[in-house]
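Report on the structure given below.
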Amino acid sequence: MTANNSNTHPDSEAEITIDGVGKTYEEGTKEAVEALRDINLTVRDGEFLTIVGPSGCGKSTLLEILSGLVSKSEGSVKIGDEEVTGPRSDIGVVFQEYSLFPWRTVMENTEFGLEVDGVGKKKRRETAQEFIDLVGLEGFEDAYPNELSGGMQQRVAIARTLSGDPDILLMDEPFGALDEQTRMYMGEELLRIWGETQKTVIFITHSLQESVLLSDRVVVLSDRPGQIRDIVDIDLERPRDTDIVQSEKFNEAQSRIWDQIKTDVEENVVEGNAN
Amino acid sequence: MQTKISDLLPAEVKRPEAVTFLIVVGALIVAEVGVATGTISSLLLRRPTDVFVELVAIVQTPSMIADIRLTIERILITTVVSILVGMTMSIVFWRSDLLRKAYLPFLGALFATPIVLIYPIFVVILGRGSAAIIAISLVVGIIPIAINATGGLVNVDQTLVKVGRSMNVSPRQMITKVIIPDAAPDIFAGIRIGFAYIVTSVIAVEFLLATEGLGGRISNAYLRFSTTEMFVSIVLVLLLVVLSIALFRNIEGRIRQDEN
């Protein structure tokens, strides 16, 4: 396993500055819903950052704002010096389950981004093959998504996003639908891929264990409207593998995050709002 | 120990195609033997061998060739117009929530109504020829195509749309590479259903009007107690349907392969 110990790039062009971002959904005559309030955060280039929080805290909304898919109500998001105003090629998004095109094979799914960019057939096949190999799916190029397990499907989704060569990878609970063992294994795999590709990763999860295992820093969001409650530095050596979940440092970090979330979750469960 | 029927059959017979074939051949043998021995009245059914001999003879007559051509033409014209109109309607319904919510229930109700009952109105307006037959059949052809395609377009997977947007696809690419392929199974299902209704409707209206075309020929043979000719025409209708369904499958398979 190759891994990248230093997670700082020499240039810091892909630094993401989130400044006072808020989001309020106003739909027709319905009551306005404030999803996010005053989010301030700087994501370092090459960093692996995880966002956790109770259900419905606006994690996914924040990710969609960062990706340019959803507009923000206030504040600014900058990559380097440039404001994010819409989807851009240096940002890649990996969605939750069922995001593959079911009518395309693994190869054709992986090629999608290159195809819409007008890359020639031979070149895009080569590039796609490179990333199919990277995520460990060589031999499955001609399989259709419904022939693959959930974990394999998410590998394809990762390969598809990586093949567009984004600097920043936004991942919205990509392993949320997988069973615990597969999720741990995919986490390890993701660390390997991250080590080999040197991307900045912003990863959303509801698994505290996953957040500590993967991240340099964990951002804890509060219940709606989502606000930053805490930013936890994960001071664990890299390369990491799943064995560290038993270490004392790991558990300390995990309980610190849990303490921040606990009150919100308790309120939700008591009120019956948890989903 | 229990023995399954399928265990008794040799392996090459277990394929579904082989079973279908055996069912058809079996039914023909039952009919042949039944009619030959008098168990089945020859007024009800004709010996398949007689029908076959007659079929070969009648199919070559110019009037039969003309009837077959006419029916095929009517079906083809109705199908093409139904696809064009049905797809256009589905695009309008997809883009306009208001029109969709206003019109879809109405179309659904219309589809469940036997339109053929009002054929005299069509005949009074359009005469006893192709125009009336096509007009009635268009109603039953357009509706399932419009309803199914609308469903396919409206229910396009929003996650896939997001994937497309996150990869900066152009509006045109969004349509051709995301929306149409995702809606394609519903669109094709609608066309298949529409086509089946069109075939039934064209032949049924021909039958009602006792005019030219395969349906009219069946009606005439029926009125003349010419059981053999009636069955010959029915067999021709069957062949027409089986062939066109096979053709449809083929076209659909090709189009969906080309999508990639």
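How things are named: the first chain in the structure tokens is A, the next is B, and so on; residues count from 1 in each chain; ligands count from 1 in the order shown.
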key: Residues of chain B within 9 Å of chain A, only C-alpha atoms counted, as a VMD selection string   = chain B and resid 157 159 to 160 162 to 170 173 177 to 178 181 to 182 256 259 to 260
Let me see the file: selected residues, C-alpha atoms, as a PDB file, in the first residue's frame.
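Saved to part23.pdb:
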```pdb
ATOM      1  CA  ASP B 157     -33.739  10.125 -11.566  1.00  0.00           C
ATOM      2  CA  THR B 159     -29.529  12.012  -8.660  1.00  0.00           C
ATOM      3  CA  LEU B 160     -28.449  11.296 -12.232  1.00  0.00           C
ATOM      4  CA  LYS B 162     -27.236  16.104 -10.376  1.00  0.00           C
ATOM      5  CA  VAL B 163     -24.375  13.900 -11.528  1.00  0.00           C
ATOM      6  CA  GLY B 164     -24.724  15.430 -14.976  1.00  0.00           C
ATOM      7  CA  ARG B 165     -24.810  18.965 -13.589  1.00  0.00           C
ATOM      8  CA  SER B 166     -21.809  18.326 -11.364  1.00  0.00           C
ATOM      9  CA  MET B 167     -19.922  17.283 -14.497  1.00  0.00           C
ATOM     10  CA  ASN B 168     -20.923  20.463 -16.286  1.00  0.00           C
ATOM     11  CA  VAL B 169     -22.902  18.856 -19.092  1.00  0.00           C
ATOM     12  CA  SER B 170     -24.495  21.174 -21.642  1.00  0.00           C
ATOM     13  CA  GLN B 173     -26.036  16.644 -23.350  1.00  0.00           C
ATOM     14  CA  LYS B 177     -27.057  11.550 -22.362  1.00  0.00           C
ATOM     15  CA  VAL B 178     -29.073  11.625 -19.154  1.00  0.00           C
ATOM     16  CA  PRO B 181     -31.690   7.208 -21.801  1.00  0.00           C
ATOM     17  CA  ASP B 182     -33.193   7.253 -18.304  1.00  0.00           C
ATOM     18  CA  ARG B 256     -30.782   1.477 -26.911  1.00  0.00           C
ATOM     19  CA  GLU B 259     -27.450   5.498 -26.850  1.00  0.00           C
ATOM     20  CA  ASN B 260     -24.042   4.838 -25.405  1.00  0.00           C
TER      21      ASN B 260
END
```
Residues of stretch 174-230 of chain B that have any atom at most 10 Å from an atom of stretch 128-139 of chain B: could you tabulate them with the shortest-distance atom pair and the distance in Å to one decimal, using only C-alpha atoms, ordered by chain and increasing number, as a tab-separated table?
```
residue	atom	partner	partner_atom	distance
B:Gly194	CA	B:Leu138	CA	9.1
B:Phe195	CA	B:Ser137	CA	9.7
B:Tyr197	CA	B:Ser137	CA	7.7
B:Ile198	CA	B:Ser137	CA	5.4
B:Val199	CA	B:Ser137	CA	8.2
B:Thr200	CA	B:Ser137	CA	8.6
B:Ser201	CA	B:Ser137	CA	5.4
B:Val202	CA	B:Ile133	CA	6.0
B:Ile203	CA	B:Ile133	CA	8.7
B:Ala204	CA	B:Ile133	CA	9.1
B:Val205	CA	B:Ile133	CA	6.1
B:Glu206	CA	B:Ile133	CA	7.0
B:Leu209	CA	B:Arg128	CA	6.8
B:Ala210	CA	B:Arg128	CA	9.3
B:Thr211	CA	B:Arg128	CA	7.4
B:Glu212	CA	B:Gly129	CA	8.3
B:Gly213	CA	B:Ser130	CA	9.5
```
Export, as a PDB file, in the first residue's frame, the selected residues with N, CA and C atoms.
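Writing done, so here's selection30.pdb:
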```
ATOM      1  N   GLY B 194     -48.928   1.193 -27.261  1.00  0.00           N
ATOM      2  CA  GLY B 194     -49.652   1.952 -28.274  1.00  0.00           C
ATOM      3  C   GLY B 194     -49.773   1.153 -29.564  1.00  0.00           C
ATOM      4  N   PHE B 195     -48.684   0.524 -29.952  1.00  0.00           N
ATOM      5  CA  PHE B 195     -48.682  -0.244 -31.190  1.00  0.00           C
ATOM      6  C   PHE B 195     -49.684  -1.402 -31.119  1.00  0.00           C
ATOM      7  N   TYR B 197     -52.346  -1.579 -29.357  1.00  0.00           N
ATOM      8  CA  TYR B 197     -53.706  -1.038 -29.453  1.00  0.00           C
ATOM      9  C   TYR B 197     -54.024  -0.589 -30.875  1.00  0.00           C
ATOM     10  N   ILE B 198     -53.025  -0.039 -31.548  1.00  0.00           N
ATOM     11  CA  ILE B 198     -53.246   0.418 -32.920  1.00  0.00           C
ATOM     12  C   ILE B 198     -53.595  -0.761 -33.828  1.00  0.00           C
ATOM     13  N   VAL B 199     -52.828  -1.850 -33.722  1.00  0.00           N
ATOM     14  CA  VAL B 199     -53.099  -3.024 -34.556  1.00  0.00           C
ATOM     15  C   VAL B 199     -54.516  -3.522 -34.305  1.00  0.00           C
ATOM     16  N   THR B 200     -54.851  -3.668 -33.027  1.00  0.00           N
ATOM     17  CA  THR B 200     -56.197  -4.142 -32.679  1.00  0.00           C
ATOM     18  C   THR B 200     -57.260  -3.206 -33.231  1.00  0.00           C
ATOM     19  N   SER B 201     -57.031  -1.901 -33.027  1.00  0.00           N
ATOM     20  CA  SER B 201     -58.034  -0.922 -33.421  1.00  0.00           C
ATOM     21  C   SER B 201     -58.206  -0.881 -34.944  1.00  0.00           C
ATOM     22  N   VAL B 202     -57.105  -0.861 -35.687  1.00  0.00           N
ATOM     23  CA  VAL B 202     -57.205  -0.791 -37.151  1.00  0.00           C
ATOM     24  C   VAL B 202     -58.006  -1.986 -37.665  1.00  0.00           C
ATOM     25  N   ILE B 203     -57.658  -3.178 -37.192  1.00  0.00           N
ATOM     26  CA  ILE B 203     -58.325  -4.378 -37.710  1.00  0.00           C
ATOM     27  C   ILE B 203     -59.772  -4.460 -37.224  1.00  0.00           C
ATOM     28  N   ALA B 204     -60.000  -4.031 -35.970  1.00  0.00           N
ATOM     29  CA  ALA B 204     -61.375  -4.076 -35.452  1.00  0.00           C
ATOM     30  C   ALA B 204     -62.278  -3.105 -36.213  1.00  0.00           C
ATOM     31  N   VAL B 205     -61.766  -1.910 -36.502  1.00  0.00           N
ATOM     32  CA  VAL B 205     -62.601  -0.937 -37.223  1.00  0.00           C
ATOM     33  C   VAL B 205     -62.811  -1.402 -38.670  1.00  0.00           C
ATOM     34  N   GLU B 206     -61.781  -1.983 -39.262  1.00  0.00           N
ATOM     35  CA  GLU B 206     -61.957  -2.566 -40.602  1.00  0.00           C
ATOM     36  C   GLU B 206     -63.057  -3.617 -40.569  1.00  0.00           C
ATOM     37  N   LEU B 209     -66.492  -1.961 -40.222  1.00  0.00           N
ATOM     38  CA  LEU B 209     -66.932  -1.292 -41.436  1.00  0.00           C
ATOM     39  C   LEU B 209     -67.059  -2.274 -42.606  1.00  0.00           C
ATOM     40  N   ALA B 210     -66.581  -3.489 -42.417  1.00  0.00           N
ATOM     41  CA  ALA B 210     -66.574  -4.513 -43.464  1.00  0.00           C
ATOM     42  C   ALA B 210     -66.062  -3.945 -44.787  1.00  0.00           C
ATOM     43  N   THR B 211     -64.980  -3.164 -44.655  1.00  0.00           N
ATOM     44  CA  THR B 211     -64.419  -2.531 -45.842  1.00  0.00           C
ATOM     45  C   THR B 211     -63.129  -3.246 -46.238  1.00  0.00           C
ATOM     46  N   GLU B 212     -62.326  -2.651 -47.116  1.00  0.00           N
ATOM     47  CA  GLU B 212     -61.086  -3.325 -47.503  1.00  0.00           C
ATOM     48  C   GLU B 212     -60.160  -3.464 -46.306  1.00  0.00           C
ATOM     49  N   GLY B 213     -59.141  -4.312 -46.466  1.00  0.00           N
ATOM     50  CA  GLY B 213     -58.201  -4.561 -45.378  1.00  0.00           C
ATOM     51  C   GLY B 213     -58.460  -5.925 -44.769  1.00  0.00           C
TER      52      GLY B 213
END
```
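Here atom CA of A:Thr42 and atom CA of A:Thr17 stand 4.6 Å from one another.
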Who sits within 8 Å of stretch 113-115 of chain B, only C-alpha atoms, same chain under 2 positions skipped, as a compact mmCIF listing (two decimals) with C-alpha atoms, in the first residue's frame:
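Here's the written file part-v5.txt:
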```txt
# COMPACT_ATOMS: atom_id res chain seq x y z
CA ALA B 109 -60.03 8.13 -18.53
CA LEU B 110 -60.22 8.43 -22.30
CA PHE B 111 -57.82 5.51 -22.65
CA LEU B 117 -68.12 2.82 -29.75
CA ILE B 118 -68.23 6.24 -31.33
CA TYR B 119 -66.99 4.98 -34.69
CA ILE B 136 -60.05 6.26 -34.40
CA VAL B 139 -56.77 8.06 -30.23
CA VAL B 140 -55.86 4.68 -28.75
```
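Once stretch 219-233 of chain A and its same-chain neighbours fewer than 6 positions away are set aside, Glu34, Ala35, Leu36, Arg37, Asp38, Ile39, Thr50, Ile51, Val52, Gly53, Pro54, Gly56, Cys57, Gly58, Ile257, Ile261 and Asp264 of chain A remain within 7 Å of it when counting only C-alpha atoms.
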request  = Apply DSSP to the backbone of this structure and, from stretch 1-238 of chain B, keep only the residues in alpha helix (DSSP H); write these as an MDAnalysis selection string.
outcome  = chainID B and resid 5:8 16:37 48:59 62:95 97:112 119:126 130:154 158:166 171:173 180:209 214:223 227:238
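With atom CA of A:Ser211 on one side and atom CA of A:Leu148 on the other, the separation reads 25.7 Å.
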message = If DSSP is run on the backbone, what residues of stretch 2-217 of chain A are strand (DSSP E or B)? A reply as a PyMOL selection string would be ideal.
response = chain A and resi 16-25+33-43+48-52+74-79+82-83+91-94+168-172+200-204+217
key: Straight-line distance linking atom CA of B:Arg74 with atom CA of B:Phe248, stated in Å to one decimal   = 16.9 Å
